Amino acid sequence: MTSTVAGEAGAPPVFDEPFRAKLKTLIAWRRDVRRFIERPVPAAMIEELLDIAQLSASVGNSQPWRWVQVASPAKRAAIRANFFAANEAACKAQSADRAPVYATLKLEGIDKAPCQFAVFCDESTGQGFGVGRHSMPETLDYSTVAMIATFWLAARAAGLGVGWVSILDPAEVSRLLEAPPEWKLVAYLCVGWPEEEHADPELERHGWQPRTNVGRQVRVV
């Protein structure tokens with residue numbers, strides 16, 4: 001497999017077919033993990049993943065993402081209580097036939113994930129000097145999401161699982177973590193060693209929603 005990475009003055013890298021096949025496999029095996037074993041993750045591994053995440057695309061090279069590691073047991077318990085309240089409301093919002101199925105789904109791993117992060121977007125950042133976002137300021141949020149996807153794949157390649165918890169009251173999370181008012185919560189990430197490995201998404205495996213090709217359709221104009 002060839003995938004040479006050149007320095008600034010070197011030739012561009014060549015990603016051959018075996019490398020591209022491995023990349024496709026990595027993407028296919030990326031899972032939203034909710035079930036973790038409580039084995040610690042070396043701090044050096046997290047630091048390496050954060051370094052890789054810094055290489056992600058961002059509008060105007062703004063890099064608006066801001067990480068808050070949630071290590072306090074009390075704060076984790078408060079975040080999980082926040083989830084339970086938001087999840088109960090989400091369950092009630094389901095149709096009568098879907099609510100019982102929804103109630104059986106495991107949608108977070110806050111109880112066991114050894115590493116947990118709240119990821120914010122700094123909507124006041126001056127970095128990038130506004131390039132690319134004057135008419136679409138939401139591209140700062142999109143940049144943060146793109147970085148999370150990069151982090152997610154890098155973690156998967158290292159054998160770690162990542163779970164994105166979105167069933168939360170963002171204002172309450174921001175208050176609990178004392179985030180600056182200009183920071184917008186984008187994701188709460190659970191990171192750790194997965195308890196099990198599956199090629200198919202958990203929501204598909206448990207009968208909630210299969211993958212479809214609806215987003216693959218290209219409209220030609």
# chains A, B, ... in the order shown; residues from 1 in each chain; ligands from 1

$ closest_atom_pairs --of "range 33-99 of chain A" --to "range 187-203 of chain A" --cutoff "7 Å" --atoms "only C-alpha atoms" --output "JSON lines"
{"residue": "A:Val33", "atom": "CA", "partner": "A:Pro194", "partner_atom": "CA", "distance": 6.7}
{"residue": "A:Arg35", "atom": "CA", "partner": "A:Glu195", "partner_atom": "CA", "distance": 5.5}
{"residue": "A:Phe36", "atom": "CA", "partner": "A:Pro194", "partner_atom": "CA", "distance": 4.5}
{"residue": "A:Ile37", "atom": "CA", "partner": "A:Glu195", "partner_atom": "CA", "distance": 5.3}
{"residue": "A:Arg39", "atom": "CA", "partner": "A:Trp193", "partner_atom": "CA", "distance": 6.9}
{"residue": "A:Val41", "atom": "CA", "partner": "A:Gly192", "partner_atom": "CA", "distance": 6.4}

$ residues_around --residues "Ser166 in chain A" --least-positions-apart "2" --cutoff "12 Å" --atoms "only C-alpha atoms" --output "ChimeraX atom specification"
/A:32,79-80,82-84,86-87,90,107-110,118-119,163-164,168-170,173,185-190

$ atom_distance --atom1 "CA of Glu172 in chain A" --atom2 "CA of Ala89 in chain A"
15.2 Å

$ select_by_dssp --residues "chain A" --states "helix (DSSP H, G or I)" --output "PyMOL selection string"
chain A and resi 17-28+43-53+59-61+73-92+99-104+139-157+170-176+202-205+214-216

$ closest_residue --among "A:Ala78, A:Ala96, A:Ala28, A:Val101" --to "Arg175 in chain A" --atoms "only C-alpha atoms"
A:Ala78

$ residues_around --residues "Gln127 in chain A" --least-positions-apart "2" --cutoff "7 Å" --atoms "only C-alpha atoms" --output "ChimeraX atom specification"
/A:62,125,129

$ write_last_selection --atoms "C-alpha atoms" --output "JSON list (two decimals), in the first residue's frame"
[["chain", "number", "residue", "atom", "x", "y", "z"],
["A", 62, "SER", "CA", -11.15, 29.90, 10.92],
["A", 125, "THR", "CA", -13.83, 34.12, 16.31],
["A", 129, "PHE", "CA", -11.14, 37.49, 9.04]]

$ atom_distance --atom1 "CA of Glu17 in chain A" --atom2 "CA of Phe151 in chain A"
23.4 Å

$ closest_residue --among "A:Phe15, A:Phe120, A:Tyr142, A:Trp29" --to "Val59 in chain A" --atoms "only C-alpha atoms"
A:Tyr142

$ residues_around --residues "Ser143 in chain A" --least-positions-apart "6" --cutoff "8 Å" --atoms "only C-alpha atoms" --output "ChimeraX atom specification"
/A:57-59,63-65

$ atom_distance --atom1 "CA of Ser72 in chain A" --atom2 "CA of Arg31 in chain A"
26.0 Å

$ select_by_dssp --residues "range 1-208 of chain A" --states "strand (DSSP E)" --output "ChimeraX atom specification"
/A:36-37,65-69,115-122,161-165,183-194

$ closest_residue --among "A:Ala149, A:Glu178, A:Met45, A:Glu38" --to "Ala113 in chain A" --atoms "only C-alpha atoms"
A:Glu38

$ residues_around --residues "Val70 in chain A" --least-positions-apart "4" --cutoff "9 Å" --atoms "only C-alpha atoms" --output "ChimeraX atom specification"
/A:75-76,115-118,177

$ closest_residue --among "A:Glu47, A:Ala85, A:Asn61, A:Gln69" --to "Val131 in chain A" --atoms "only C-alpha atoms"
A:Asn61

$ residues_around --residues "Cys91 in chain A" --least-positions-apart "3" --cutoff "8 Å" --atoms "only C-alpha atoms" --output "number ranges by chain"
A: 87-88, 94, 99, 102-103

$ write_last_selection --atoms "all heavy atoms" --output "PDB file, in the first residue's frame"
ATOM      1  N   ASN A  87     -34.569  13.219  26.372  1.00  0.00           N
ATOM      2  CA  ASN A  87     -34.969  11.986  25.698  1.00  0.00           C
ATOM      3  C   ASN A  87     -36.427  11.647  25.975  1.00  0.00           C
ATOM      4  O   ASN A  87     -37.144  11.146  25.103  1.00  0.00           O
ATOM      5  CB  ASN A  87     -34.064  10.838  26.141  1.00  0.00           C
ATOM      6  CG  ASN A  87     -34.180   9.632  25.239  1.00  0.00           C
ATOM      7  OD1 ASN A  87     -34.101   9.745  24.019  1.00  0.00           O
ATOM      8  ND2 ASN A  87     -34.376   8.461  25.828  1.00  0.00           N
ATOM      9  N   GLU A  88     -36.873  11.926  27.199  1.00  0.00           N
ATOM     10  CA  GLU A  88     -38.278  11.682  27.519  1.00  0.00           C
ATOM     11  C   GLU A  88     -39.180  12.563  26.654  1.00  0.00           C
ATOM     12  O   GLU A  88     -40.203  12.099  26.127  1.00  0.00           O
ATOM     13  CB  GLU A  88     -38.530  11.968  29.004  1.00  0.00           C
ATOM     14  CG  GLU A  88     -39.965  11.698  29.434  1.00  0.00           C
ATOM     15  CD  GLU A  88     -40.197  11.943  30.912  1.00  0.00           C
ATOM     16  OE1 GLU A  88     -39.240  12.345  31.604  1.00  0.00           O
ATOM     17  OE2 GLU A  88     -41.334  11.742  31.381  1.00  0.00           O
ATOM     18  N   GLN A  94     -42.726  11.279  19.475  1.00  0.00           N
ATOM     19  CA  GLN A  94     -42.876  10.239  18.456  1.00  0.00           C
ATOM     20  C   GLN A  94     -44.349   9.852  18.295  1.00  0.00           C
ATOM     21  O   GLN A  94     -45.164  10.056  19.190  1.00  0.00           O
ATOM     22  CB  GLN A  94     -42.055   9.004  18.841  1.00  0.00           C
ATOM     23  CG  GLN A  94     -40.550   9.232  18.853  1.00  0.00           C
ATOM     24  CD  GLN A  94     -39.986   9.456  17.464  1.00  0.00           C
ATOM     25  OE1 GLN A  94     -40.447   8.868  16.485  1.00  0.00           O
ATOM     26  NE2 GLN A  94     -38.991  10.321  17.386  1.00  0.00           N
ATOM     27  N   ALA A  99     -43.186   5.339  19.311  1.00  0.00           N
ATOM     28  CA  ALA A  99     -42.694   5.643  20.658  1.00  0.00           C
ATOM     29  C   ALA A  99     -42.211   4.415  21.423  1.00  0.00           C
ATOM     30  O   ALA A  99     -41.149   4.466  22.067  1.00  0.00           O
ATOM     31  CB  ALA A  99     -43.764   6.383  21.453  1.00  0.00           C
ATOM     32  N   TYR A 102     -38.844   3.555  20.059  1.00  0.00           N
ATOM     33  CA  TYR A 102     -37.886   4.592  20.465  1.00  0.00           C
ATOM     34  C   TYR A 102     -37.422   4.359  21.904  1.00  0.00           C
ATOM     35  O   TYR A 102     -36.231   4.497  22.216  1.00  0.00           O
ATOM     36  CB  TYR A 102     -38.532   5.976  20.336  1.00  0.00           C
ATOM     37  CG  TYR A 102     -37.614   7.123  20.687  1.00  0.00           C
ATOM     38  CD1 TYR A 102     -36.915   7.807  19.700  1.00  0.00           C
ATOM     39  CD2 TYR A 102     -37.436   7.528  22.019  1.00  0.00           C
ATOM     40  CE1 TYR A 102     -36.065   8.854  20.018  1.00  0.00           C
ATOM     41  CE2 TYR A 102     -36.586   8.563  22.345  1.00  0.00           C
ATOM     42  CZ  TYR A 102     -35.904   9.237  21.339  1.00  0.00           C
ATOM     43  OH  TYR A 102     -35.051  10.263  21.661  1.00  0.00           O
ATOM     44  N   ALA A 103     -38.335   3.994  22.761  1.00  0.00           N
ATOM     45  CA  ALA A 103     -38.015   3.829  24.186  1.00  0.00           C
ATOM     46  C   ALA A 103     -37.020   2.703  24.434  1.00  0.00           C
ATOM     47  O   ALA A 103     -36.371   2.666  25.486  1.00  0.00           O
ATOM     48  CB  ALA A 103     -39.294   3.576  24.972  1.00  0.00           C
TER      49      ALA A 103
END

$ residues_around --residues "range 54-56 of chain A" --least-positions-apart "2" --cutoff "8 Å" --atoms "only C-alpha atoms" --output "PyMOL selection string"
chain A and resi 50-52+58+63+146-147+150

$ write_last_selection --atoms "all heavy atoms" --output "PDB file, in the first residue's frame"
ATOM      1  N   LEU A  50      -6.534  14.883  18.470  1.00  0.00           N
ATOM      2  CA  LEU A  50      -6.814  16.316  18.403  1.00  0.00           C
ATOM      3  C   LEU A  50      -5.892  17.002  17.393  1.00  0.00           C
ATOM      4  O   LEU A  50      -6.316  17.929  16.683  1.00  0.00           O
ATOM      5  CB  LEU A  50      -6.666  16.948  19.782  1.00  0.00           C
ATOM      6  CG  LEU A  50      -7.693  16.520  20.830  1.00  0.00           C
ATOM      7  CD1 LEU A  50      -7.372  17.152  22.186  1.00  0.00           C
ATOM      8  CD2 LEU A  50      -9.108  16.884  20.409  1.00  0.00           C
ATOM      9  N   ASP A  51      -4.649  16.535  17.302  1.00  0.00           N
ATOM     10  CA  ASP A  51      -3.734  17.085  16.304  1.00  0.00           C
ATOM     11  C   ASP A  51      -4.245  16.791  14.891  1.00  0.00           C
ATOM     12  O   ASP A  51      -4.186  17.658  14.001  1.00  0.00           O
ATOM     13  CB  ASP A  51      -2.337  16.491  16.474  1.00  0.00           C
ATOM     14  CG  ASP A  51      -1.594  17.045  17.681  1.00  0.00           C
ATOM     15  OD1 ASP A  51      -2.001  18.113  18.187  1.00  0.00           O
ATOM     16  OD2 ASP A  51      -0.612  16.412  18.119  1.00  0.00           O
ATOM     17  N   ILE A  52      -4.752  15.582  14.679  1.00  0.00           N
ATOM     18  CA  ILE A  52      -5.292  15.224  13.363  1.00  0.00           C
ATOM     19  C   ILE A  52      -6.533  16.063  13.065  1.00  0.00           C
ATOM     20  O   ILE A  52      -6.717  16.557  11.944  1.00  0.00           O
ATOM     21  CB  ILE A  52      -5.630  13.723  13.314  1.00  0.00           C
ATOM     22  CG1 ILE A  52      -4.346  12.889  13.412  1.00  0.00           C
ATOM     23  CG2 ILE A  52      -6.385  13.378  12.027  1.00  0.00           C
ATOM     24  CD1 ILE A  52      -4.589  11.400  13.571  1.00  0.00           C
ATOM     25  N   SER A  58     -11.878  24.147   7.244  1.00  0.00           N
ATOM     26  CA  SER A  58     -12.732  25.128   7.928  1.00  0.00           C
ATOM     27  C   SER A  58     -12.825  26.374   7.060  1.00  0.00           C
ATOM     28  O   SER A  58     -11.878  26.722   6.356  1.00  0.00           O
ATOM     29  CB  SER A  58     -12.192  25.476   9.314  1.00  0.00           C
ATOM     30  OG  SER A  58     -10.920  26.108   9.244  1.00  0.00           O
ATOM     31  N   GLN A  63     -11.040  27.659  11.889  1.00  0.00           N
ATOM     32  CA  GLN A  63     -10.911  26.662  12.953  1.00  0.00           C
ATOM     33  C   GLN A  63     -11.709  27.081  14.198  1.00  0.00           C
ATOM     34  O   GLN A  63     -11.156  27.256  15.288  1.00  0.00           O
ATOM     35  CB  GLN A  63      -9.439  26.444  13.301  1.00  0.00           C
ATOM     36  CG  GLN A  63      -8.637  25.888  12.119  1.00  0.00           C
ATOM     37  CD  GLN A  63      -7.176  25.685  12.446  1.00  0.00           C
ATOM     38  OE1 GLN A  63      -6.489  26.599  12.864  1.00  0.00           O
ATOM     39  NE2 GLN A  63      -6.704  24.467  12.252  1.00  0.00           N
ATOM     40  N   ALA A 146     -17.457  19.371  10.278  1.00  0.00           N
ATOM     41  CA  ALA A 146     -16.461  18.705   9.431  1.00  0.00           C
ATOM     42  C   ALA A 146     -15.269  18.242  10.266  1.00  0.00           C
ATOM     43  O   ALA A 146     -14.730  17.144  10.054  1.00  0.00           O
ATOM     44  CB  ALA A 146     -15.995  19.650   8.322  1.00  0.00           C
ATOM     45  N   MET A 147     -14.865  19.061  11.235  1.00  0.00           N
ATOM     46  CA  MET A 147     -13.768  18.660  12.111  1.00  0.00           C
ATOM     47  C   MET A 147     -14.140  17.438  12.929  1.00  0.00           C
ATOM     48  O   MET A 147     -13.330  16.512  13.114  1.00  0.00           O
ATOM     49  CB  MET A 147     -13.400  19.826  13.029  1.00  0.00           C
ATOM     50  CG  MET A 147     -12.268  19.538  14.011  1.00  0.00           C
ATOM     51  SD  MET A 147     -12.744  18.584  15.492  1.00  0.00           S
ATOM     52  CE  MET A 147     -13.935  19.661  16.258  1.00  0.00           C
ATOM     53  N   THR A 150     -13.741  14.364  10.930  1.00  0.00           N
ATOM     54  CA  THR A 150     -12.326  14.004  10.816  1.00  0.00           C
ATOM     55  C   THR A 150     -11.853  13.302  12.084  1.00  0.00           C
ATOM     56  O   THR A 150     -11.192  12.243  12.033  1.00  0.00           O
ATOM     57  CB  THR A 150     -11.476  15.259  10.562  1.00  0.00           C
ATOM     58  OG1 THR A 150     -11.899  15.887   9.350  1.00  0.00           O
ATOM     59  CG2 THR A 150     -10.003  14.918  10.454  1.00  0.00           C
TER      60      THR A 150
END
